[in-house]
>>> print(open('coords_10.txt').read())   # compact mmCIF, C-alpha atoms
# COMPACT_ATOMS: atom_id res chain seq x y z
CA MET V 26 -14.19 -66.55 -6.44
CA SER V 27 -10.67 -67.65 -5.48
CA GLU V 28 -10.36 -69.37 -2.10
CA ILE V 29 -7.45 -67.07 -1.25
CA GLY V 30 -8.40 -63.45 -1.79
CA PHE V 31 -6.67 -60.14 -1.09
CA GLY V 32 -7.53 -58.03 1.93
CA ALA V 33 -6.77 -54.43 0.98
CA TRP V 34 -6.94 -52.78 4.41
CA ALA V 35 -3.15 -52.81 4.81
CA VAL V 36 -2.53 -51.05 1.49
CA GLY V 37 -4.89 -48.26 2.52
CA GLY V 38 -3.64 -47.40 5.98
CA SER V 39 -3.45 -48.22 9.69
CA TRP V 40 -0.74 -50.85 9.15
CA GLY V 41 2.35 -48.68 9.07
CA ASN V 42 3.92 -47.06 6.04
CA VAL V 43 3.37 -48.57 2.61
CA GLU V 44 4.09 -47.10 -0.81
CA ASP V 45 1.48 -47.22 -3.58
CA ALA V 46 3.94 -48.68 -6.07
CA GLN V 47 4.69 -51.56 -3.71
CA SER V 48 0.98 -52.08 -3.05
CA LEU V 49 0.22 -52.25 -6.75
CA ALA V 50 3.06 -54.70 -7.24
CA ALA V 51 1.58 -56.89 -4.50
CA MET V 52 -1.89 -56.77 -6.05
CA LYS V 53 -0.56 -57.56 -9.52
CA ARG V 54 1.34 -60.51 -8.11
CA ALA V 55 -1.89 -61.70 -6.54
CA LEU V 56 -3.56 -61.63 -9.95
CA ASP V 57 -0.64 -63.56 -11.44
CA LEU V 58 -1.17 -66.27 -8.82
CA GLY V 59 -4.88 -66.66 -9.51
CA VAL V 60 -6.38 -64.36 -6.88
CA ASN V 61 -9.53 -62.80 -8.31
CA PHE V 62 -11.25 -61.34 -5.23
CA PHE V 63 -10.19 -58.08 -3.57
CA ASP V 64 -11.85 -56.78 -0.43
CA THR V 65 -11.63 -53.10 0.51
CA ALA V 66 -13.58 -50.35 2.28
CA ASP V 67 -14.22 -46.67 1.85
CA VAL V 68 -12.40 -45.84 5.09
CA TYR V 69 -9.17 -47.70 4.31
CA GLY V 70 -6.84 -44.76 3.93
CA ASP V 71 -9.89 -42.51 3.42
CA GLY V 72 -10.46 -44.07 0.00
CA ARG V 73 -6.81 -44.74 -0.86
CA SER V 74 -7.37 -48.50 -1.02
CA GLU V 75 -10.37 -48.14 -3.34
CA ARG V 76 -8.47 -45.78 -5.62
CA LEU V 77 -5.57 -48.25 -5.83
CA LEU V 78 -8.01 -50.87 -7.07
CA GLN V 79 -9.18 -48.44 -9.75
CA ARG V 80 -5.53 -48.10 -10.83
CA LEU V 81 -5.12 -51.86 -10.77
CA ARG V 82 -8.07 -52.28 -13.09
CA ARG V 83 -6.65 -49.68 -15.48
CA GLU V 84 -3.18 -51.22 -15.49
CA THR V 85 -4.08 -54.87 -16.00
CA LYS V 86 -6.23 -56.84 -18.40
CA THR V 87 -6.91 -59.59 -15.89
CA PRO V 88 -10.52 -59.47 -14.64
CA PHE V 89 -11.17 -59.53 -10.90
CA HIS V 90 -13.96 -58.98 -8.39
CA VAL V 91 -14.11 -56.14 -5.87
CA ALA V 92 -16.10 -55.89 -2.67
CA THR V 93 -16.16 -52.72 -0.63
CA LYS V 94 -17.84 -51.63 2.59
CA ALA V 95 -19.91 -48.70 3.79
CA GLY V 96 -20.87 -47.23 7.14
CA ARG V 97 -17.70 -46.52 9.06
CA ARG V 98 -17.48 -42.99 7.70
CA LEU V 99 -20.09 -42.03 10.27
CA ALA V 100 -18.72 -39.78 12.99
CA HIS V 101 -20.68 -41.82 15.53
CA GLN V 102 -21.82 -45.39 15.05
CA THR V 103 -25.59 -45.45 15.53
CA ALA V 104 -28.30 -47.45 13.82
CA SER V 105 -29.99 -44.25 12.68
CA GLY V 106 -26.80 -43.27 10.85
CA TYR V 107 -27.35 -46.13 8.40
CA SER V 108 -29.97 -44.08 6.58
CA LYS V 109 -30.76 -43.90 2.88
CA GLN V 110 -29.15 -40.49 2.64
CA ASN V 111 -25.91 -41.54 4.29
CA LEU V 112 -25.54 -44.94 2.64
CA THR V 113 -26.24 -43.44 -0.78
CA ALA V 114 -23.59 -40.79 -0.22
CA PHE V 115 -21.06 -43.36 0.94
CA ILE V 116 -21.70 -45.64 -2.01
CA ASP V 117 -21.61 -42.76 -4.52
CA ARG V 118 -18.18 -41.88 -3.15
CA SER V 119 -17.02 -45.49 -3.51
CA LEU V 120 -18.28 -45.57 -7.09
CA ARG V 121 -16.04 -42.59 -7.86
CA ASN V 122 -13.08 -44.04 -5.98
CA LEU V 123 -13.37 -47.38 -7.77
CA GLY V 124 -14.12 -45.79 -11.14
CA VAL V 125 -17.15 -47.99 -11.81
CA GLU V 126 -20.84 -47.48 -12.52
CA THR V 127 -21.97 -50.28 -10.23
CA ILE V 128 -20.28 -52.09 -7.35
CA GLU V 129 -20.36 -55.87 -7.37
CA LEU V 130 -20.63 -56.28 -3.61
CA VAL V 131 -21.18 -53.72 -0.86
CA GLN V 132 -20.99 -54.82 2.77
CA LEU V 133 -22.35 -52.90 5.73
CA HIS V 134 -19.14 -52.27 7.64
CA CYS V 135 -19.44 -53.69 11.15
CA PRO V 136 -22.46 -51.58 12.10
CA PRO V 137 -23.90 -51.50 15.62
CA THR V 138 -25.77 -54.65 16.62
CA GLU V 139 -29.05 -52.71 16.48
CA VAL V 140 -28.74 -52.45 12.69
CA TYR V 141 -29.29 -56.20 12.38
CA TYR V 142 -32.69 -55.68 13.97
CA SER V 143 -33.56 -52.83 11.61
CA PRO V 144 -35.35 -54.02 8.45
CA GLU V 145 -35.32 -50.41 7.23
CA THR V 146 -31.56 -50.52 6.71
CA PHE V 147 -31.75 -53.61 4.54
CA ALA V 148 -34.65 -52.09 2.61
CA VAL V 149 -32.32 -49.20 1.75
CA MET V 150 -29.80 -51.67 0.38
CA ASP V 151 -32.55 -53.27 -1.70
CA GLU V 152 -33.31 -49.83 -3.16
CA LEU V 153 -29.66 -49.26 -4.01
CA VAL V 154 -29.63 -52.58 -5.89
CA LEU V 155 -32.75 -51.55 -7.80
CA ALA V 156 -31.11 -48.20 -8.60
CA GLY V 157 -28.17 -50.06 -10.16
CA LYS V 158 -25.53 -48.63 -7.84
CA VAL V 159 -24.97 -52.03 -6.21
CA GLN V 160 -25.23 -55.53 -7.67
CA HIS V 161 -25.17 -57.53 -4.43
CA TYR V 162 -24.89 -56.72 -0.75
CA GLY V 163 -23.83 -58.36 2.46
CA VAL V 164 -22.54 -57.51 5.90
CA SER V 165 -19.25 -57.48 7.76
CA VAL V 166 -19.81 -58.41 11.38
CA GLU V 167 -17.99 -58.42 14.70
CA LYS V 168 -20.11 -61.04 16.46
CA VAL V 169 -21.49 -64.46 15.57
CA GLU V 170 -24.85 -63.25 16.91
CA GLU V 171 -24.88 -60.50 14.27
CA ALA V 172 -24.00 -62.98 11.52
CA MET V 173 -26.82 -65.31 12.50
CA LYS V 174 -29.31 -62.44 12.56
CA ALA V 175 -28.14 -61.03 9.22
CA MET V 176 -28.89 -64.33 7.51
CA GLU V 177 -32.57 -63.80 8.22
CA PHE V 178 -32.70 -60.97 5.66
CA PRO V 179 -33.36 -62.71 2.34
CA ASN V 180 -31.16 -60.53 0.13
CA VAL V 181 -28.01 -60.72 2.25
CA GLU V 182 -25.67 -62.70 0.00
CA SER V 183 -22.42 -62.61 1.94
CA ILE V 184 -21.15 -62.37 5.49
CA GLN V 185 -17.64 -61.31 6.39
CA ILE V 186 -16.42 -62.48 9.78
CA ILE V 187 -13.23 -62.99 11.78
CA PHE V 188 -12.28 -66.66 11.87
CA ASN V 189 -8.85 -68.06 12.57
CA MET V 190 -6.95 -70.38 14.91
CA PHE V 191 -7.50 -67.79 17.66
CA ARG V 192 -11.20 -67.13 16.90
CA GLN V 193 -12.86 -70.50 16.47
CA ARG V 194 -16.43 -69.84 17.55
CA PRO V 195 -17.79 -69.37 13.98
CA ALA V 196 -17.08 -73.07 13.35
CA GLU V 197 -19.59 -74.15 15.97
CA ARG V 198 -22.72 -73.18 14.06
CA PHE V 199 -22.31 -70.18 11.77
CA LEU V 200 -20.29 -71.70 8.94
CA GLU V 201 -22.58 -74.70 8.59
CA GLU V 202 -25.69 -72.51 8.58
CA ALA V 203 -24.23 -70.12 6.00
CA LYS V 204 -23.42 -73.05 3.74
CA ARG V 205 -26.93 -74.45 4.18
CA ARG V 206 -28.45 -71.13 3.16
CA GLY V 207 -26.07 -70.60 0.24
CA ILE V 208 -24.54 -67.46 1.75
CA ALA V 209 -20.93 -66.69 0.89
CA THR V 210 -18.51 -66.31 3.78
CA ILE V 211 -15.53 -63.96 3.61
CA ILE V 212 -12.96 -64.69 6.30
CA ARG V 213 -11.02 -61.68 7.52
CA VAL V 214 -8.16 -61.29 10.02
CA PRO V 215 -7.10 -64.87 9.17
CA LEU V 216 -3.59 -64.34 10.54
CA ALA V 217 -4.68 -62.44 13.67
CA SER V 218 -3.06 -59.19 12.47
CA GLY V 219 0.15 -61.03 11.68
CA MET V 220 0.41 -62.81 15.01
CA LEU V 221 -0.13 -66.14 13.24
CA THR V 222 2.87 -65.57 11.00
CA GLY V 223 5.03 -66.48 13.98
CA LYS V 224 7.32 -63.51 13.31
CA PHE V 225 6.51 -61.41 16.38
CA THR V 226 8.29 -61.42 19.74
CA THR V 227 8.01 -59.47 22.98
CA ALA V 228 10.52 -57.04 21.46
CA THR V 229 8.55 -56.36 18.27
CA THR V 230 7.53 -52.73 17.83
CA PHE V 231 4.94 -51.20 15.51
CA GLU V 232 4.78 -47.79 13.86
CA SER V 233 2.62 -45.11 15.47
CA ASP V 234 0.05 -45.28 12.63
CA ASP V 235 -0.26 -49.07 12.90
CA HIS V 236 -3.43 -50.27 14.66
CA ARG V 237 -1.36 -53.02 16.28
CA ARG V 238 0.12 -50.21 18.35
CA PHE V 239 -2.76 -47.77 18.78
CA ASN V 240 -5.71 -50.17 19.09
CA ARG V 241 -4.35 -52.77 21.53
CA HIS V 242 -7.23 -52.08 23.91
CA GLY V 243 -9.89 -50.97 21.44
CA GLU V 244 -9.03 -47.28 21.57
CA ALA V 245 -9.99 -46.64 17.92
CA PHE V 246 -12.35 -49.48 16.97
CA ASP V 247 -13.34 -52.97 18.11
CA VAL V 248 -10.37 -54.57 19.83
CA GLY V 249 -11.24 -57.86 18.14
CA GLU V 250 -9.82 -56.46 14.89
CA THR V 251 -6.34 -56.24 16.46
CA PHE V 252 -4.61 -59.58 17.08
CA ALA V 253 -8.15 -61.05 16.92
CA GLY V 254 -8.73 -59.64 20.42
CA VAL V 255 -6.14 -61.92 22.01
CA PRO V 256 -3.77 -60.28 24.51
CA TYR V 257 -0.37 -59.94 22.84
CA GLU V 258 1.64 -62.07 25.26
CA THR V 259 -1.07 -64.76 25.29
CA GLY V 260 -0.91 -64.92 21.51
CA LEU V 261 2.85 -65.32 21.56
CA ARG V 262 2.62 -68.29 23.92
CA ALA V 263 0.02 -70.01 21.75
CA VAL V 264 2.05 -69.35 18.60
CA GLU V 265 5.08 -71.10 20.07
CA GLU V 266 3.04 -74.28 20.39
CA LEU V 267 1.49 -73.91 16.94
CA LYS V 268 4.93 -73.72 15.33
CA ALA V 269 5.45 -77.39 16.12
CA LEU V 270 2.63 -78.25 13.68
CA VAL V 271 4.16 -76.52 10.64
CA PRO V 272 5.13 -79.08 7.98
CA PRO V 273 8.62 -79.00 6.42
CA GLY V 274 9.01 -76.30 3.80
CA ALA V 275 5.91 -74.41 4.93
CA THR V 276 5.31 -71.37 7.12
CA LEU V 277 3.03 -70.87 10.09
CA ALA V 278 1.03 -68.34 8.05
CA GLN V 279 0.40 -70.96 5.39
CA LEU V 280 -0.66 -73.49 7.99
CA ALA V 281 -3.02 -70.95 9.57
CA LEU V 282 -4.65 -70.22 6.22
CA ARG V 283 -4.87 -73.92 5.31
CA TRP V 284 -6.54 -74.58 8.67
CA ILE V 285 -9.30 -72.13 7.73
CA LEU V 286 -9.77 -73.80 4.36
CA MET V 287 -10.45 -77.09 6.14
CA PHE V 288 -13.97 -75.84 6.92
CA ASP V 289 -16.57 -76.46 4.21
CA GLY V 290 -18.52 -73.29 4.96
CA VAL V 291 -15.60 -71.03 4.03
CA THR V 292 -15.91 -69.32 0.64
CA THR V 293 -12.79 -67.15 0.58
CA VAL V 294 -10.06 -66.00 2.96
CA ILE V 295 -8.67 -62.47 2.65
CA PRO V 296 -5.20 -62.14 4.15
CA GLY V 297 -3.50 -58.81 3.63
CA GLY V 298 -0.35 -58.44 1.60
CA LYS V 299 1.81 -55.33 1.42
CA THR V 300 4.53 -56.93 -0.73
CA PRO V 301 4.66 -59.49 -3.54
CA ALA V 302 6.54 -61.85 -1.22
CA GLN V 303 3.76 -61.75 1.35
CA VAL V 304 1.19 -62.46 -1.36
CA GLU V 305 3.23 -65.42 -2.60
CA ASP V 306 3.42 -66.82 0.92
CA ASN V 307 -0.33 -66.47 1.38
CA CYS V 308 -1.25 -68.06 -1.93
CA ALA V 309 1.00 -71.06 -1.31
CA ALA V 310 -1.36 -72.10 1.49
CA SER V 311 -3.69 -73.61 -1.09
CA GLN V 312 -0.99 -76.11 -2.03
CA LEU V 313 -0.52 -77.48 1.50
CA SER V 314 -1.90 -80.91 2.28
CA ALA V 315 -5.01 -81.09 4.41
CA LEU V 316 -4.40 -81.07 8.14
CA SER V 317 -4.75 -84.45 9.81
CA ASP V 318 -7.44 -85.09 12.40
CA ARG V 319 -4.64 -85.20 14.98
CA ASP V 320 -3.33 -81.78 14.01
CA MET V 321 -6.82 -80.28 13.92
CA ALA V 322 -7.30 -81.60 17.45
CA ARG V 323 -3.97 -80.13 18.55
CA VAL V 324 -4.92 -76.71 17.20
CA ARG V 325 -8.17 -76.92 19.12
CA SER V 326 -6.33 -77.92 22.28
CA ILE V 327 -3.99 -74.93 22.03
CA TYR V 328 -7.00 -72.68 21.54
CA GLU V 329 -8.79 -74.15 24.54
CA ARG V 330 -5.79 -73.83 26.84
CA HIS V 331 -4.46 -70.41 25.83
CA VAL V 332 -7.05 -68.38 23.96
CA ARG V 333 -10.65 -69.40 24.51
CA ASP V 334 -11.22 -67.53 27.77
CA SER V 335 -10.14 -64.25 26.16
CA VAL V 336 -12.35 -64.36 23.10
CA HIS V 337 -14.90 -67.14 22.80
CA GLN V 338 -18.05 -65.66 24.30
CA ARG V 339 -17.09 -62.06 23.53
CA TRP V 340 -17.49 -62.37 19.79
>>> encode(input="coords_10.txt", output="structure tokens")
Amino acid sequence: MSEIGFGAWAVGGSWGNVEDAQSLAAMKRALDLGVNFFDTADVYGDGRSERLLQRLRRETKTPFHVATKAGRRLAHQTASGYSKQNLTAFIDRSLRNLGVETIELVQLHCPPTEVYYSPETFAVMDELVLAGKVQHYGVSVEKVEEAMKAMEFPNVESIQIIFNMFRQRPAERFLEEAKRRGIATIIRVPLASGMLTGKFTTATTFESDDHRRFNRHGEAFDVGETFAGVPYETGLRAVEELKALVPPGATLAQLALRWILMFDGVTTVIPGGKTPAQVEDNCAASQLSALSDRDMARVRSIYERHVRDSVHQRW
């Protein structure tokens, strides 16, 4: 699995307008640059993202891995909704969208915390593996607590979690424990919804169908998915200090991705990319030199002074 993957939420929806032809061009460029892991979900554009990956597979000879997610199609998020009937229906729909007979990796999609205390749900996933619909399964979590609990189920093979310069708590215990147990970690929201590109200002506006406009306070889903839960103006102040750490010829986005790759417990990072240029920028992060101990300490200091109080104990 490539250390830089492709997060396919943005090419599905909720990130402003994007054309399918441009999305496919971005994904093909990712393949050209060695990306072989694509992460999607059945709710991204109501299946649009999954169907684009089916097209990608038809239009290229380069092999790649796909992980999708299930559970957020529920009208109301309850533990009881993660039943055999519902999960089977969701996964059958994803099989059709992806155009495959079995899905390599299915992740429970940020279910309620109660699900992680429900062995019945994970038994359903075991049955779906035995039925051949799923090869492997994992979870996508909001909270470190949920990640730690999920690892107790023996057949959970991957955990997707938010981890970035603005959300550092997973580095305290989770990443080391996942590595010890041999569980893959998939790092999402690595650029804090674009905040860590350094391109936003107080004057930046977002389209009405962009979650960075309509989910600022958690109106549609967990607020931690938007700007990593950091208040917009707070994030801008922290970014201004982080810019001083960017090496010549690099971008803040590349530095932010390289910072994540400094942690041994990280398996893959899945930044989004709506254009080939964005994909190229993301992939170049692998070529950056390792951050010095001094710069790692400076990133931590900026987090402690600007961000920690907003996010650390919440997620």
>>> closest_atom_pairs(input="coords_10.txt", of="range 185-222 of chain V", to="range 263-273 of chain V", cutoff="12 Å", atoms="all atoms listed in the file", output="Markdown table")
| residue | atom | partner | partner_atom | distance |
| --- | --- | --- | --- | --- |
| V:Met190 | CA | V:Leu267 | CA | 9.4 |
| V:Phe191 | CA | V:Ala263 | CA | 8.8 |
| V:Leu216 | CA | V:Val264 | CA | 11.0 |
| V:Ala217 | CA | V:Val264 | CA | 10.8 |
| V:Gly219 | CA | V:Val264 | CA | 11.0 |
| V:Met220 | CA | V:Val264 | CA | 7.6 |
| V:Leu221 | CA | V:Val264 | CA | 6.6 |
| V:Thr222 | CA | V:Val264 | CA | 8.5 |
>>> closest_residue(input="coords_10.txt", among="V:Gly223, V:Gly32, V:Gly37, V:Pro215", to="Asn61 in chain V", atoms="only C-alpha atoms")
V:Gly32
>>> atom_distance(input="coords_10.txt", atom1="CA of Ala114 in chain V", atom2="CA of Phe246 in chain V")
22.3 Å
>>> residues_around(input="coords_10.txt", residues="Glu170 in chain V", least_positions_apart="3", cutoff="8 Å", atoms="all atoms listed in the file", output="ChimeraX atom specification")
/V:173-174,340
>>> atom_distance(input="coords_10.txt", atom1="CA of Val324 in chain V", atom2="CA of Lys168 in chain V")
21.8 Å
>>> closest_residue(input="coords_10.txt", among="V:Asn180, V:Gln79, V:Ser326, V:Ser314", to="Ala148 in chain V", atoms="only C-alpha atoms")
V:Asn180
>>> residues_around(input="coords_10.txt", residues="Trp284 in chain V", least_positions_apart="3", cutoff="8 Å", atoms="only C-alpha atoms", output="VMD selection string")
chain V and resid 189 to 190 280 to 281 287 to 288 315 to 316 321
>>> atom_distance(input="coords_10.txt", atom1="CA of Asp57 in chain V", atom2="CA of Glu182 in chain V")
27.5 Å
>>> residues_around(input="coords_10.txt", residues="Glu305 in chain V", least_positions_apart="6", cutoff="12 Å", atoms="all atoms listed in the file", output="CSV table (one decimal) with C-alpha atoms, in the coordinates of the input")
chain,number,residue,atom,x,y,z
V,29,ILE,CA,-7.4,-67.1,-1.2
V,30,GLY,CA,-8.4,-63.4,-1.8
V,31,PHE,CA,-6.7,-60.1,-1.1
V,50,ALA,CA,3.1,-54.7,-7.2
V,51,ALA,CA,1.6,-56.9,-4.5
V,52,MET,CA,-1.9,-56.8,-6.0
V,53,LYS,CA,-0.6,-57.6,-9.5
V,54,ARG,CA,1.3,-60.5,-8.1
V,55,ALA,CA,-1.9,-61.7,-6.5
V,56,LEU,CA,-3.6,-61.6,-10.0
V,57,ASP,CA,-0.6,-63.6,-11.4
V,58,LEU,CA,-1.2,-66.3,-8.8
V,59,GLY,CA,-4.9,-66.7,-9.5
V,60,VAL,CA,-6.4,-64.4,-6.9
V,276,THR,CA,5.3,-71.4,7.1
V,278,ALA,CA,1.0,-68.3,8.0
V,279,GLN,CA,0.4,-71.0,5.4
V,296,PRO,CA,-5.2,-62.1,4.2
V,297,GLY,CA,-3.5,-58.8,3.6
V,298,GLY,CA,-0.4,-58.4,1.6
V,299,LYS,CA,1.8,-55.3,1.4
V,311,SER,CA,-3.7,-73.6,-1.1
V,312,GLN,CA,-1.0,-76.1,-2.0
>>> closest_residue(input="coords_10.txt", among="V:Val164, V:Leu49, V:Ile295, V:Val255", to="Val214 in chain V", atoms="all atoms listed in the file")
V:Ile295
>>> axis_aligned_box(input="coords_10.txt", around="range 131-148 of chain V", padding_each_side="4 Å", output="lines of an AutoDock Vina configuration file")
center_x = -27.2
center_y = -53.3
center_z = 7.9
size_x = 24.2
size_y = 13.8
size_z = 25.5
>>> closest_residue(input="coords_10.txt", among="V:Ser317, V:Ala46, V:His337, V:Val332", to="Pro195 in chain V", atoms="all atoms listed in the file")
V:His337
>>> residues_near_point(input="coords_10.txt", point="(-10.9, -48.2, -9.6)", cutoff="10 Å", atoms="all atoms listed in the file", output="list in words")
Ser74, Glu75, Arg76, Leu77, Leu78, Gln79, Arg80, Leu81, Arg82, Arg83, Val91, Ser119, Leu120, Arg121, Asn122, Leu123, Gly124 and Val125 of chain V
>>> build_atoms(input="coords_10.txt", residues="range 231-259 of chain V", atoms="N, CA and C atoms", output="PDB file, keeping the file's coordinate frame")
ATOM      1  N   PHE V 231       5.770 -51.573  16.651  1.00  0.00           N
ATOM      2  CA  PHE V 231       4.940 -51.200  15.510  1.00  0.00           C
ATOM      3  C   PHE V 231       4.922 -49.687  15.359  1.00  0.00           C
ATOM      4  N   GLU V 232       4.783 -49.224  14.127  1.00  0.00           N
ATOM      5  CA  GLU V 232       4.780 -47.790  13.860  1.00  0.00           C
ATOM      6  C   GLU V 232       3.564 -47.129  14.522  1.00  0.00           C
ATOM      7  N   SER V 233       3.671 -45.829  14.743  1.00  0.00           N
ATOM      8  CA  SER V 233       2.620 -45.110  15.470  1.00  0.00           C
ATOM      9  C   SER V 233       1.293 -45.117  14.735  1.00  0.00           C
ATOM     10  N   ASP V 234       1.300 -45.262  13.400  1.00  0.00           N
ATOM     11  CA  ASP V 234       0.050 -45.280  12.630  1.00  0.00           C
ATOM     12  C   ASP V 234      -0.418 -46.703  12.340  1.00  0.00           C
ATOM     13  N   ASP V 235       0.104 -47.659  13.060  1.00  0.00           N
ATOM     14  CA  ASP V 235      -0.260 -49.070  12.900  1.00  0.00           C
ATOM     15  C   ASP V 235      -1.246 -49.429  14.021  1.00  0.00           C
ATOM     16  N   HIS V 236      -2.411 -49.966  13.653  1.00  0.00           N
ATOM     17  CA  HIS V 236      -3.430 -50.270  14.660  1.00  0.00           C
ATOM     18  C   HIS V 236      -2.934 -51.288  15.687  1.00  0.00           C
ATOM     19  N   ARG V 237      -1.910 -52.059  15.325  1.00  0.00           N
ATOM     20  CA  ARG V 237      -1.360 -53.020  16.280  1.00  0.00           C
ATOM     21  C   ARG V 237      -0.597 -52.319  17.409  1.00  0.00           C
ATOM     22  N   ARG V 238      -0.437 -51.027  17.268  1.00  0.00           N
ATOM     23  CA  ARG V 238       0.120 -50.210  18.350  1.00  0.00           C
ATOM     24  C   ARG V 238      -0.967 -49.369  19.016  1.00  0.00           C
ATOM     25  N   PHE V 239      -1.837 -48.735  18.190  1.00  0.00           N
ATOM     26  CA  PHE V 239      -2.760 -47.770  18.780  1.00  0.00           C
ATOM     27  C   PHE V 239      -4.141 -48.327  19.128  1.00  0.00           C
ATOM     28  N   ASN V 240      -4.388 -49.610  18.773  1.00  0.00           N
ATOM     29  CA  ASN V 240      -5.710 -50.170  19.090  1.00  0.00           C
ATOM     30  C   ASN V 240      -5.607 -51.427  19.948  1.00  0.00           C
ATOM     31  N   ARG V 241      -4.556 -51.567  20.714  1.00  0.00           N
ATOM     32  CA  ARG V 241      -4.350 -52.770  21.530  1.00  0.00           C
ATOM     33  C   ARG V 241      -5.501 -53.027  22.495  1.00  0.00           C
ATOM     34  N   HIS V 242      -6.144 -51.950  22.934  1.00  0.00           N
ATOM     35  CA  HIS V 242      -7.230 -52.080  23.910  1.00  0.00           C
ATOM     36  C   HIS V 242      -8.547 -51.534  23.368  1.00  0.00           C
ATOM     37  N   GLY V 243      -8.659 -51.448  22.039  1.00  0.00           N
ATOM     38  CA  GLY V 243      -9.890 -50.970  21.440  1.00  0.00           C
ATOM     39  C   GLY V 243     -10.058 -49.464  21.481  1.00  0.00           C
ATOM     40  N   GLU V 244      -8.948 -48.730  21.477  1.00  0.00           N
ATOM     41  CA  GLU V 244      -9.030 -47.280  21.570  1.00  0.00           C
ATOM     42  C   GLU V 244      -9.683 -46.636  20.346  1.00  0.00           C
ATOM     43  N   ALA V 245      -9.504 -47.244  19.161  1.00  0.00           N
ATOM     44  CA  ALA V 245      -9.990 -46.640  17.920  1.00  0.00           C
ATOM     45  C   ALA V 245     -11.194 -47.366  17.326  1.00  0.00           C
ATOM     46  N   PHE V 246     -11.242 -48.680  17.474  1.00  0.00           N
ATOM     47  CA  PHE V 246     -12.350 -49.480  16.970  1.00  0.00           C
ATOM     48  C   PHE V 246     -12.347 -50.797  17.733  1.00  0.00           C
ATOM     49  N   ASP V 247     -13.191 -51.726  17.343  1.00  0.00           N
ATOM     50  CA  ASP V 247     -13.340 -52.970  18.110  1.00  0.00           C
ATOM     51  C   ASP V 247     -11.985 -53.654  18.287  1.00  0.00           C
ATOM     52  N   VAL V 248     -11.668 -53.968  19.522  1.00  0.00           N
ATOM     53  CA  VAL V 248     -10.370 -54.570  19.830  1.00  0.00           C
ATOM     54  C   VAL V 248     -10.210 -55.938  19.171  1.00  0.00           C
ATOM     55  N   GLY V 249     -11.315 -56.567  18.807  1.00  0.00           N
ATOM     56  CA  GLY V 249     -11.240 -57.860  18.140  1.00  0.00           C
ATOM     57  C   GLY V 249     -10.601 -57.814  16.774  1.00  0.00           C
ATOM     58  N   GLU V 250     -10.473 -56.615  16.185  1.00  0.00           N
ATOM     59  CA  GLU V 250      -9.820 -56.460  14.890  1.00  0.00           C
ATOM     60  C   GLU V 250      -8.298 -56.467  15.011  1.00  0.00           C
ATOM     61  N   THR V 251      -7.779 -56.309  16.223  1.00  0.00           N
ATOM     62  CA  THR V 251      -6.340 -56.240  16.460  1.00  0.00           C
ATOM     63  C   THR V 251      -5.885 -57.496  17.204  1.00  0.00           C
ATOM     64  N   PHE V 252      -5.050 -58.287  16.536  1.00  0.00           N
ATOM     65  CA  PHE V 252      -4.610 -59.580  17.080  1.00  0.00           C
ATOM     66  C   PHE V 252      -5.810 -60.462  17.441  1.00  0.00           C
ATOM     67  N   ALA V 253      -6.922 -60.274  16.715  1.00  0.00           N
ATOM     68  CA  ALA V 253      -8.150 -61.050  16.920  1.00  0.00           C
ATOM     69  C   ALA V 253      -8.688 -60.912  18.343  1.00  0.00           C
ATOM     70  N   GLY V 254      -8.250 -59.871  19.057  1.00  0.00           N
ATOM     71  CA  GLY V 254      -8.730 -59.640  20.420  1.00  0.00           C
ATOM     72  C   GLY V 254      -7.961 -60.402  21.485  1.00  0.00           C
ATOM     73  N   VAL V 255      -6.926 -61.129  21.067  1.00  0.00           N
ATOM     74  CA  VAL V 255      -6.140 -61.920  22.010  1.00  0.00           C
ATOM     75  C   VAL V 255      -5.034 -61.053  22.606  1.00  0.00           C
ATOM     76  N   PRO V 256      -4.876 -61.026  23.921  1.00  0.00           N
ATOM     77  CA  PRO V 256      -3.770 -60.280  24.510  1.00  0.00           C
ATOM     78  C   PRO V 256      -2.448 -60.688  23.872  1.00  0.00           C
ATOM     79  N   TYR V 257      -1.582 -59.720  23.630  1.00  0.00           N
ATOM     80  CA  TYR V 257      -0.370 -59.940  22.840  1.00  0.00           C
ATOM     81  C   TYR V 257       0.492 -61.080  23.398  1.00  0.00           C
ATOM     82  N   GLU V 258       0.779 -61.052  24.681  1.00  0.00           N
ATOM     83  CA  GLU V 258       1.640 -62.070  25.260  1.00  0.00           C
ATOM     84  C   GLU V 258       0.987 -63.452  25.225  1.00  0.00           C
ATOM     85  N   THR V 259      -0.334 -63.489  25.392  1.00  0.00           N
ATOM     86  CA  THR V 259      -1.070 -64.760  25.290  1.00  0.00           C
ATOM     87  C   THR V 259      -0.921 -65.341  23.893  1.00  0.00           C
TER      88      THR V 259
END
